[in-house]
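The next block is protein03.pdb, given as PDB, C-alpha atoms, pLDDT in the B column.
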```pdb
MODEL        1
ATOM      1  CA  MET A 241     170.587 151.900  80.006  1.00 89.00           C
ATOM      2  CA  ALA A 242     168.093 150.398  77.558  1.00 94.00           C
ATOM      3  CA  ARG A 243     164.400 151.064  78.237  1.00 96.00           C
ATOM      4  CA  PHE A 244     161.537 148.946  76.897  1.00 96.00           C
ATOM      5  CA  ARG A 245     157.739 148.999  77.058  1.00 96.00           C
ATOM      6  CA  LEU A 246     156.179 145.563  77.540  1.00 95.00           C
ATOM      7  CA  ARG A 247     153.503 144.869  74.905  1.00 93.00           C
ATOM      8  CA  CYS A 248     152.183 141.792  76.728  1.00 94.00           C
ATOM      9  CA  GLY A 249     152.783 139.855  79.942  1.00 94.00           C
ATOM     10  CA  HIS A 250     156.327 138.675  80.594  1.00 95.00           C
ATOM     11  CA  TYR A 251     158.036 136.531  83.171  1.00 95.00           C
ATOM     12  CA  LEU A 252     161.240 138.456  83.829  1.00 95.00           C
ATOM     13  CA  ASN A 253     164.067 138.154  86.315  1.00 95.00           C
ATOM     14  CA  ILE A 254     163.910 141.531  88.007  1.00 95.00           C
ATOM     15  CA  ILE A 255     165.707 143.478  90.719  1.00 93.00           C
ATOM     16  CA  ASP A 256     163.548 144.353  93.728  1.00 90.00           C
ATOM     17  CA  ASN A 257     163.150 148.155  93.890  1.00 83.00           C
ATOM     18  CA  TYR A 258     163.354 148.223  97.699  1.00 86.00           C
ATOM     19  CA  SER A 259     166.233 145.874  98.470  1.00 88.00           C
ATOM     20  CA  GLY A 260     168.165 146.127  95.222  1.00 88.00           C
ATOM     21  CA  GLU A 261     168.514 142.315  95.152  1.00 91.00           C
ATOM     22  CA  PRO A 262     167.194 139.866  92.544  1.00 93.00           C
ATOM     23  CA  ILE A 263     163.825 138.295  93.335  1.00 93.00           C
ATOM     24  CA  GLU A 264     164.504 134.928  94.974  1.00 94.00           C
ATOM     25  CA  TRP A 265     162.551 132.060  96.425  1.00 94.00           C
ATOM     26  CA  VAL A 266     164.026 130.436  99.508  1.00 94.00           C
ATOM     27  CA  HIS A 267     163.515 126.735 100.221  1.00 96.00           C
ATOM     28  CA  GLU A 268     164.257 125.670 103.793  1.00 96.00           C
ATOM     29  CA  GLU A 269     164.482 122.153 105.193  1.00 95.00           C
ATOM     30  CA  THR A 270     165.270 121.193 108.755  1.00 95.00           C
ATOM     31  CA  ASP A 271     167.167 117.966 109.285  1.00 93.00           C
ATOM     32  CA  ARG A 272     165.343 115.929 111.972  1.00 93.00           C
ATOM     33  CA  THR A 273     168.436 114.290 113.376  1.00 93.00           C
ATOM     34  CA  SER A 274     170.836 117.231 113.587  1.00 94.00           C
ATOM     35  CA  GLY A 275     168.338 120.105 113.746  1.00 93.00           C
ATOM     36  CA  ARG A 276     170.311 122.036 111.092  1.00 95.00           C
ATOM     37  CA  THR A 277     168.385 124.124 108.620  1.00 95.00           C
ATOM     38  CA  ASN A 278     169.351 123.714 104.984  1.00 94.00           C
ATOM     39  CA  ARG A 279     168.526 126.739 102.923  1.00 95.00           C
ATOM     40  CA  LYS A 280     168.539 126.959  99.113  1.00 96.00           C
ATOM     41  CA  LYS A 281     167.870 130.126  97.121  1.00 95.00           C
ATOM     42  CA  PHE A 282     166.493 130.125  93.610  1.00 95.00           C
ATOM     43  CA  GLN A 283     166.168 133.141  91.340  1.00 94.00           C
ATOM     44  CA  VAL A 284     162.620 133.164  90.028  1.00 95.00           C
ATOM     45  CA  PRO A 285     161.037 135.332  87.353  1.00 95.00           C
ATOM     46  CA  MET A 286     158.159 137.626  88.181  1.00 94.00           C
ATOM     47  CA  LEU A 287     155.072 138.083  86.022  1.00 95.00           C
ATOM     48  CA  LEU A 288     154.751 141.653  84.767  1.00 94.00           C
ATOM     49  CA  ASP A 289     151.331 141.697  83.143  1.00 90.00           C
ATOM     50  CA  ALA A 290     150.339 145.376  83.127  1.00 84.00           C
ATOM     51  CA  GLU A 291     151.813 147.960  80.752  1.00 87.00           C
ATOM     52  CA  THR A 292     155.199 148.360  82.342  1.00 92.00           C
ATOM     53  CA  ILE A 293     158.432 150.129  81.469  1.00 95.00           C
ATOM     54  CA  VAL A 294     161.483 147.975  82.116  1.00 95.00           C
ATOM     55  CA  THR A 295     165.137 148.900  81.947  1.00 95.00           C
ATOM     56  CA  THR A 296     168.498 147.160  82.058  1.00 94.00           C
ATOM     57  CA  LYS A 297     170.007 149.537  84.684  1.00 92.00           C
ATOM     58  CA  ALA A 298     168.546 151.643  87.472  1.00 89.00           C
ATOM     59  CA  ASP A 299     168.352 155.355  86.721  1.00 89.00           C
ATOM     60  CA  LYS A 300     167.325 158.166  89.077  1.00 88.00           C
ATOM     61  CA  ALA A 301     165.601 159.947  86.191  1.00 90.00           C
ATOM     62  CA  PHE A 302     163.102 157.060  85.903  1.00 91.00           C
ATOM     63  CA  PRO A 303     162.534 155.756  89.441  1.00 90.00           C
ATOM     64  CA  THR A 304     159.345 153.839  88.555  1.00 90.00           C
ATOM     65  CA  ASP A 305     161.023 151.683  85.896  1.00 92.00           C
ATOM     66  CA  THR A 306     161.475 148.024  86.769  1.00 93.00           C
ATOM     67  CA  VAL A 307     165.048 146.801  86.376  1.00 95.00           C
ATOM     68  CA  PHE A 308     165.405 143.394  84.713  1.00 96.00           C
ATOM     69  CA  PHE A 309     168.386 141.271  83.804  1.00 93.00           C
ATOM     70  CA  GLY A 310     168.687 138.948  80.846  1.00 92.00           C
ATOM     71  CA  GLU A 311     167.935 139.431  77.171  1.00 93.00           C
ATOM     72  CA  PRO A 312     164.932 141.375  75.899  1.00 95.00           C
ATOM     73  CA  THR A 313     162.201 139.564  73.958  1.00 93.00           C
ATOM     74  CA  PRO A 314     160.565 140.355  70.609  1.00 92.00           C
ATOM     75  CA  ASP A 315     157.456 141.618  72.451  1.00 93.00           C
ATOM     76  CA  MET A 316     159.361 144.476  74.085  1.00 95.00           C
ATOM     77  CA  GLU A 317     159.082 147.858  72.391  1.00 95.00           C
ATOM     78  CA  PRO A 318     162.405 149.762  72.484  1.00 96.00           C
ATOM     79  CA  LEU A 319     162.124 153.303  73.856  1.00 96.00           C
ATOM     80  CA  ASP A 320     165.654 154.633  73.313  1.00 95.00           C
ATOM     81  CA  GLU A 321     168.618 154.242  70.958  1.00 95.00           C
ATOM     82  CA  GLU A 322     170.475 151.749  73.139  1.00 95.00           C
ATOM     83  CA  ALA A 323     167.380 149.548  73.277  1.00 95.00           C
ATOM     84  CA  GLU A 324     166.987 149.744  69.481  1.00 96.00           C
ATOM     85  CA  GLU A 325     170.637 148.676  69.029  1.00 95.00           C
ATOM     86  CA  LEU A 326     170.117 145.761  71.410  1.00 95.00           C
ATOM     87  CA  VAL A 327     166.975 144.678  69.549  1.00 94.00           C
ATOM     88  CA  ALA A 328     168.767 144.958  66.196  1.00 94.00           C
ATOM     89  CA  SER A 329     171.597 142.736  67.447  1.00 94.00           C
ATOM     90  CA  LEU A 330     169.135 140.051  68.611  1.00 94.00           C
ATOM     91  CA  ARG A 331     166.704 140.208  65.660  1.00 90.00           C
ATOM     92  CA  GLU A 332     168.531 137.437  63.758  1.00 88.00           C
ATOM     93  CA  LYS A 333     168.198 135.167  66.803  1.00 89.00           C
ATOM     94  CA  TRP A 334     164.452 135.825  66.998  1.00 88.00           C
ATOM     95  CA  GLU A 335     163.673 135.106  63.345  1.00 85.00           C
ATOM     96  CA  HIS A 336     162.322 131.618  62.891  1.00 82.00           C
ATOM     97  CA  PRO A 337     163.920 129.671  60.000  1.00 80.00           C
ATOM     98  CA  ILE A 338     160.542 128.635  58.624  1.00 80.00           C
ATOM     99  CA  ASP A 339     159.617 132.302  58.103  1.00 76.00           C
ATOM    100  CA  SER A 340     162.495 132.755  55.642  1.00 74.00           C
ATOM    101  CA  LEU A 341     161.144 130.066  53.276  1.00 73.00           C
ATOM    102  CA  PRO A 342     159.141 131.105  50.190  1.00 69.00           C
ATOM    103  CA  ALA A 343     155.407 131.341  50.856  1.00 66.00           C
ATOM    104  CA  GLN A 344     154.317 129.066  47.982  1.00 61.00           C
ATOM    105  CA  GLY A 345     157.005 126.432  48.534  1.00 64.00           C
ATOM    106  CA  GLY A 346     159.182 127.773  45.736  1.00 67.00           C
ATOM    107  CA  MET A 347     162.383 126.026  44.752  1.00 69.00           C
ATOM    108  CA  ASN A 348     165.821 127.438  44.131  1.00 73.00           C
ATOM    109  CA  GLN A 349     167.555 127.177  40.748  1.00 77.00           C
ATOM    110  CA  GLN A 350     169.314 123.895  41.510  1.00 80.00           C
ATOM    111  CA  GLU A 351     166.088 122.209  42.608  1.00 81.00           C
ATOM    112  CA  GLN A 352     164.263 123.449  39.505  1.00 81.00           C
ATOM    113  CA  ALA A 353     167.032 122.128  37.212  1.00 85.00           C
ATOM    114  CA  PHE A 354     166.957 118.761  38.994  1.00 88.00           C
ATOM    115  CA  MET A 355     163.176 118.494  38.633  1.00 86.00           C
ATOM    116  CA  GLN A 356     163.417 119.402  34.930  1.00 88.00           C
ATOM    117  CA  THR A 357     166.014 116.677  34.233  1.00 91.00           C
ATOM    118  CA  MET A 358     163.917 114.136  36.142  1.00 90.00           C
ATOM    119  CA  MET A 359     160.813 115.002  34.110  1.00 88.00           C
ATOM    120  CA  GLU A 360     162.767 114.700  30.845  1.00 89.00           C
ATOM    121  CA  SER A 361     164.157 111.281  31.835  1.00 88.00           C
ATOM    122  CA  PHE A 362     160.660 110.055  32.770  1.00 85.00           C
ATOM    123  CA  ALA A 363     159.285 111.318  29.457  1.00 83.00           C
ATOM    124  CA  LYS A 364     161.886 109.265  27.563  1.00 83.00           C
ATOM    125  CA  VAL A 365     161.038 106.061  29.431  1.00 80.00           C
ATOM    126  CA  LEU A 366     157.237 106.327  29.413  1.00 78.00           C
ATOM    127  CA  PRO A 367     155.298 105.666  26.201  1.00 71.00           C
ATOM    128  CA  GLN A 368     153.841 108.670  24.436  1.00 69.00           C
ATOM    129  CA  GLN A 369     150.533 107.057  23.406  1.00 68.00           C
ATOM    130  CA  PRO A 370     148.350 104.821  25.536  1.00 63.00           C
ATOM    131  CA  GLN A 371     148.971 101.157  24.754  1.00 62.00           C
ATOM    132  CA  ALA A 372     146.099  98.777  24.023  1.00 60.00           C
ATOM    133  CA  VAL A 373     146.158  95.752  26.278  1.00 60.00           C
ATOM    134  CA  ALA A 374     144.867  92.424  24.991  1.00 72.00           C
ATOM    135  CA  GLY A 375     141.579  91.956  26.776  1.00 77.00           C
ATOM    136  CA  VAL A 376     139.258  89.101  27.612  1.00 75.00           C
ATOM    137  CA  SER A 377     137.205  87.766  24.754  1.00 80.00           C
ATOM    138  CA  VAL A 378     133.412  88.148  24.770  1.00 81.00           C
ATOM    139  CA  GLU A 379     132.893  84.381  25.169  1.00 86.00           C
ATOM    140  CA  GLU A 380     135.160  84.267  28.241  1.00 86.00           C
ATOM    141  CA  PHE A 381     133.395  87.283  29.700  1.00 85.00           C
ATOM    142  CA  ASN A 382     129.942  85.712  29.254  1.00 89.00           C
ATOM    143  CA  ALA A 383     131.187  82.423  30.762  1.00 91.00           C
ATOM    144  CA  LEU A 384     132.530  84.284  33.814  1.00 89.00           C
ATOM    145  CA  LYS A 385     129.273  86.204  34.101  1.00 92.00           C
ATOM    146  CA  ALA A 386     127.213  82.978  34.071  1.00 94.00           C
ATOM    147  CA  GLN A 387     129.549  81.410  36.628  1.00 93.00           C
ATOM    148  CA  LEU A 388     129.097  84.424  38.902  1.00 92.00           C
ATOM    149  CA  GLU A 389     125.310  84.191  38.720  1.00 93.00           C
ATOM    150  CA  GLU A 390     125.469  80.483  39.536  1.00 91.00           C
ATOM    151  CA  LEU A 391     127.676  81.166  42.588  1.00 91.00           C
ATOM    152  CA  ARG A 392     125.378  83.957  43.709  1.00 90.00           C
ATOM    153  CA  GLY A 393     122.392  81.590  43.511  1.00 88.00           C
ATOM    154  CA  LEU A 394     124.213  78.957  45.574  1.00 87.00           C
ATOM    155  CA  ALA A 395     125.281  81.466  48.197  1.00 86.00           C
ATOM    156  CA  LEU A 396     121.832  82.978  48.703  1.00 84.00           C
ATOM    157  CA  GLY A 397     119.979  79.648  48.521  1.00 76.00           C
ATOM    158  CA  PRO A 398     116.156  79.672  48.343  1.00 68.00           C
ATOM    159  CA  ALA A 399     116.015  83.331  49.373  1.00 62.00           C
ATOM    160  CA  ALA A 400     117.492  84.230  45.997  1.00 54.00           C
ATOM    161  CA  ALA A 401     114.269  83.435  44.123  1.00 55.00           C
ATOM    162  CA  PRO A 402     111.877  86.408  44.086  1.00 56.00           C
ATOM    163  CA  ALA A 403     108.741  85.704  46.108  1.00 53.00           C
ATOM    164  CA  ALA A 404     105.379  86.357  44.503  1.00 52.00           C
ATOM    165  CA  ALA A 405     103.306  89.029  46.171  1.00 53.00           C
ATOM    166  CA  PRO A 406      99.959  87.859  47.586  1.00 57.00           C
ATOM    167  CA  ALA A 407      96.933  88.854  45.538  1.00 58.00           C
ATOM    168  CA  GLY A 408      95.222  92.009  46.637  1.00 55.00           C
ATOM    169  CA  ARG A 409      98.230  93.438  48.454  1.00 53.00           C
ATOM    170  CA  ARG A 410     100.400  96.137  47.083  1.00 54.00           C
ATOM    171  CA  LEU A 411     104.011  96.512  47.880  1.00 50.00           C
TER     172      LEU A 411
ENDMDL
END
```

Take the structure in this file and express it as structure tokens.
Amino acid sequence: MARFRLRCGHYLNIIDNYSGEPIEWVHEETDRTSGRTNRKKFQVPMLLDAETIVTTKADKAFPTDTVFFGEPTPDMEPLDEEAEELVASLREKWEHPIDSLPAQGGMNQQEQAFMQTMMESFAKVLPQQPQAVAGVSVEEFNALKAQLEELRGLALGPAAAPAAAPAGRRL
């Protein structure tokens, strides 16, 4: 018999203390033509939200414990040795794979060696010093600048010329 203390609310499949049967929900339908009642039973979990002690088997020494069936969860605190063994056997199942990764995104030895060889191959291909690129001559630049001003004047039309401020008014 493994005993656990619930640290937070749980939906657990439990055994009713009075009847000794699992908690079930019964769905009944009556067929209109034959008058027969079809009954379906579903095992449903019960919310245990208060601080509760649950156990895997009924024991006369602890009559107030709630008996549950199924696996315990990580939020159940083991109270005896059998419960601790059960938790230890399930701990690997509860650990999320993302939690086992390095915190800073570290790489293993193979990944580091691969990255090093890639960096060395890139260093061989890329030039060491910046290369000067043949640019536009000053005359071509000035011609393009004048052409731009001419296009700007055509696009804006008469609004492009600055208007004179009337005498006596300040802007």

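CA of Lys297 in chain A lies 15.5 Å from CA of Ile263 in chain A.
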
Pick from A:Thr277, A:Ala298, A:Pro303, A:Asp320, whichever lies nearest to Ala242 in chain A using all atoms listed in the file: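 Looking only at the distances to Ala242 in chain A, the closest residue turns out to be A:Asp320.
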
Ground truth for the PyMOL selection byres ((chain A and resi 251) around 9), written as a list in words: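 Applying the PyMOL selection byres ((chain A and resi 251) around 9) to the structure shown produces Gly249, His250, Leu252, Asn253, Val284, Pro285, Met286, Leu287, Leu288 and Asp289 of chain A.
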
Mind giving me the axis-aligned box for range 355-363 of chain A with 5 Å on every side, centre plus edges in Å to one decimal, as lines of an AutoDock Vina configuration file?
```
center_x = 162.6
center_y = 114.7
center_z = 34.0
size_x = 16.7
size_y = 19.3
size_z = 19.2
```

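Residues selected in this file by the PyMOL selection byres ((chain A and resi 323-337) around 7) comprise Ala242, Arg243, Phe244, Pro314, Pro318, Leu319, Asp320, Glu321, Glu322, Ile338, Asp339 and Ser340 of chain A.
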
Nearest to Arg245 in chain A, chosen from A:Asp305, A:Gly310, A:Met358, A:Gly375, with only C-alpha atoms counted in the distances: A:Asp305

Hits from the PyMOL selection byres ((chain A and resi 269) around 9), listed as a list in words: His267, Glu268, Thr270, Asp271, Arg276, Thr277, Asn278, Arg279 and Lys280 of chain A

Nearest to Leu246 in chain A by atom-to-atom distance, counting all atoms listed in the file, from A:Glu317, A:Leu396, A:Phe309, A:Asp299: A:Glu317

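As for CA of Glu291 in chain A and CA of Gly260 in chain A, they are spaced 21.9 Å apart.
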
Pairwise distance for CA of Cys248 in chain A and CA of Leu341 in chain A, rounded to one decimal in Å: 27.7 Å

With the input short on atoms, add N, CA and C atoms back to range 374-396 of chain A and write it as an mmCIF file, in the coordinates of the input.
```cif
data_model
loop_
_atom_site.group_PDB
_atom_site.id
_atom_site.type_symbol
_atom_site.label_atom_id
_atom_site.label_comp_id
_atom_site.auth_asym_id
_atom_site.auth_seq_id
_atom_site.Cartn_x
_atom_site.Cartn_y
_atom_site.Cartn_z
ATOM 1 N N ALA A 374 145.731 93.512 25.468
ATOM 2 C CA ALA A 374 144.867 92.424 24.991
ATOM 3 C C ALA A 374 143.874 92.097 26.091
ATOM 4 N N GLY A 375 142.609 92.149 25.778
ATOM 5 C CA GLY A 375 141.579 91.956 26.776
ATOM 6 C C GLY A 375 141.014 90.551 26.754
ATOM 7 N N VAL A 376 139.954 90.371 27.512
ATOM 8 C CA VAL A 376 139.258 89.101 27.612
ATOM 9 C C VAL A 376 138.251 89.045 26.468
ATOM 10 N N SER A 377 138.156 87.894 25.864
ATOM 11 C CA SER A 377 137.205 87.766 24.754
ATOM 12 C C SER A 377 135.778 87.804 25.285
ATOM 13 N N VAL A 378 134.823 88.040 24.398
ATOM 14 C CA VAL A 378 133.412 88.148 24.770
ATOM 15 C C VAL A 378 132.907 86.822 25.312
ATOM 16 N N GLU A 379 133.342 85.698 24.698
ATOM 17 C CA GLU A 379 132.893 84.381 25.169
ATOM 18 C C GLU A 379 133.373 84.122 26.599
ATOM 19 N N GLU A 380 134.639 84.472 26.893
ATOM 20 C CA GLU A 380 135.160 84.267 28.241
ATOM 21 C C GLU A 380 134.433 85.150 29.247
ATOM 22 N N PHE A 381 134.106 86.358 28.823
ATOM 23 C CA PHE A 381 133.395 87.283 29.700
ATOM 24 C C PHE A 381 132.003 86.743 30.031
ATOM 25 N N ASN A 382 131.290 86.262 29.028
ATOM 26 C CA ASN A 382 129.942 85.712 29.254
ATOM 27 C C ASN A 382 130.011 84.465 30.123
ATOM 28 N N ALA A 383 131.048 83.622 29.941
ATOM 29 C CA ALA A 383 131.187 82.423 30.762
ATOM 30 C C ALA A 383 131.436 82.815 32.224
ATOM 31 N N LEU A 384 132.278 83.816 32.452
ATOM 32 C CA LEU A 384 132.530 84.284 33.814
ATOM 33 C C LEU A 384 131.284 84.910 34.442
ATOM 34 N N LYS A 385 130.500 85.583 33.619
ATOM 35 C CA LYS A 385 129.273 86.204 34.101
ATOM 36 C C LYS A 385 128.276 85.136 34.536
ATOM 37 N N ALA A 386 128.135 84.074 33.744
ATOM 38 C CA ALA A 386 127.213 82.978 34.071
ATOM 39 C C ALA A 386 127.690 82.261 35.331
ATOM 40 N N GLN A 387 128.986 82.068 35.451
ATOM 41 C CA GLN A 387 129.549 81.410 36.628
ATOM 42 C C GLN A 387 129.290 82.237 37.886
ATOM 43 N N LEU A 388 129.372 83.537 37.773
ATOM 44 C CA LEU A 388 129.097 84.424 38.902
ATOM 45 C C LEU A 388 127.643 84.325 39.329
ATOM 46 N N GLU A 389 126.737 84.304 38.389
ATOM 47 C CA GLU A 389 125.310 84.191 38.720
ATOM 48 C C GLU A 389 125.026 82.864 39.404
ATOM 49 N N GLU A 390 125.666 81.804 38.938
ATOM 50 C CA GLU A 390 125.469 80.483 39.536
ATOM 51 C C GLU A 390 125.972 80.479 40.980
ATOM 52 N N LEU A 391 127.144 81.080 41.226
ATOM 53 C CA LEU A 391 127.676 81.166 42.588
ATOM 54 C C LEU A 391 126.799 82.025 43.482
ATOM 55 N N ARG A 392 126.266 83.090 42.937
ATOM 56 C CA ARG A 392 125.378 83.957 43.709
ATOM 57 C C ARG A 392 124.118 83.195 44.117
ATOM 58 N N GLY A 393 123.582 82.388 43.201
ATOM 59 C CA GLY A 393 122.392 81.590 43.511
ATOM 60 C C GLY A 393 122.678 80.549 44.577
ATOM 61 N N LEU A 394 123.857 79.942 44.558
ATOM 62 C CA LEU A 394 124.213 78.957 45.574
ATOM 63 C C LEU A 394 124.420 79.619 46.932
ATOM 64 N N ALA A 395 125.000 80.784 46.939
ATOM 65 C CA ALA A 395 125.281 81.466 48.197
ATOM 66 C C ALA A 395 124.010 81.950 48.874
ATOM 67 N N LEU A 396 123.071 82.443 48.118
ATOM 68 C CA LEU A 396 121.832 82.978 48.703
ATOM 69 C C LEU A 396 120.814 81.886 48.984
#
```
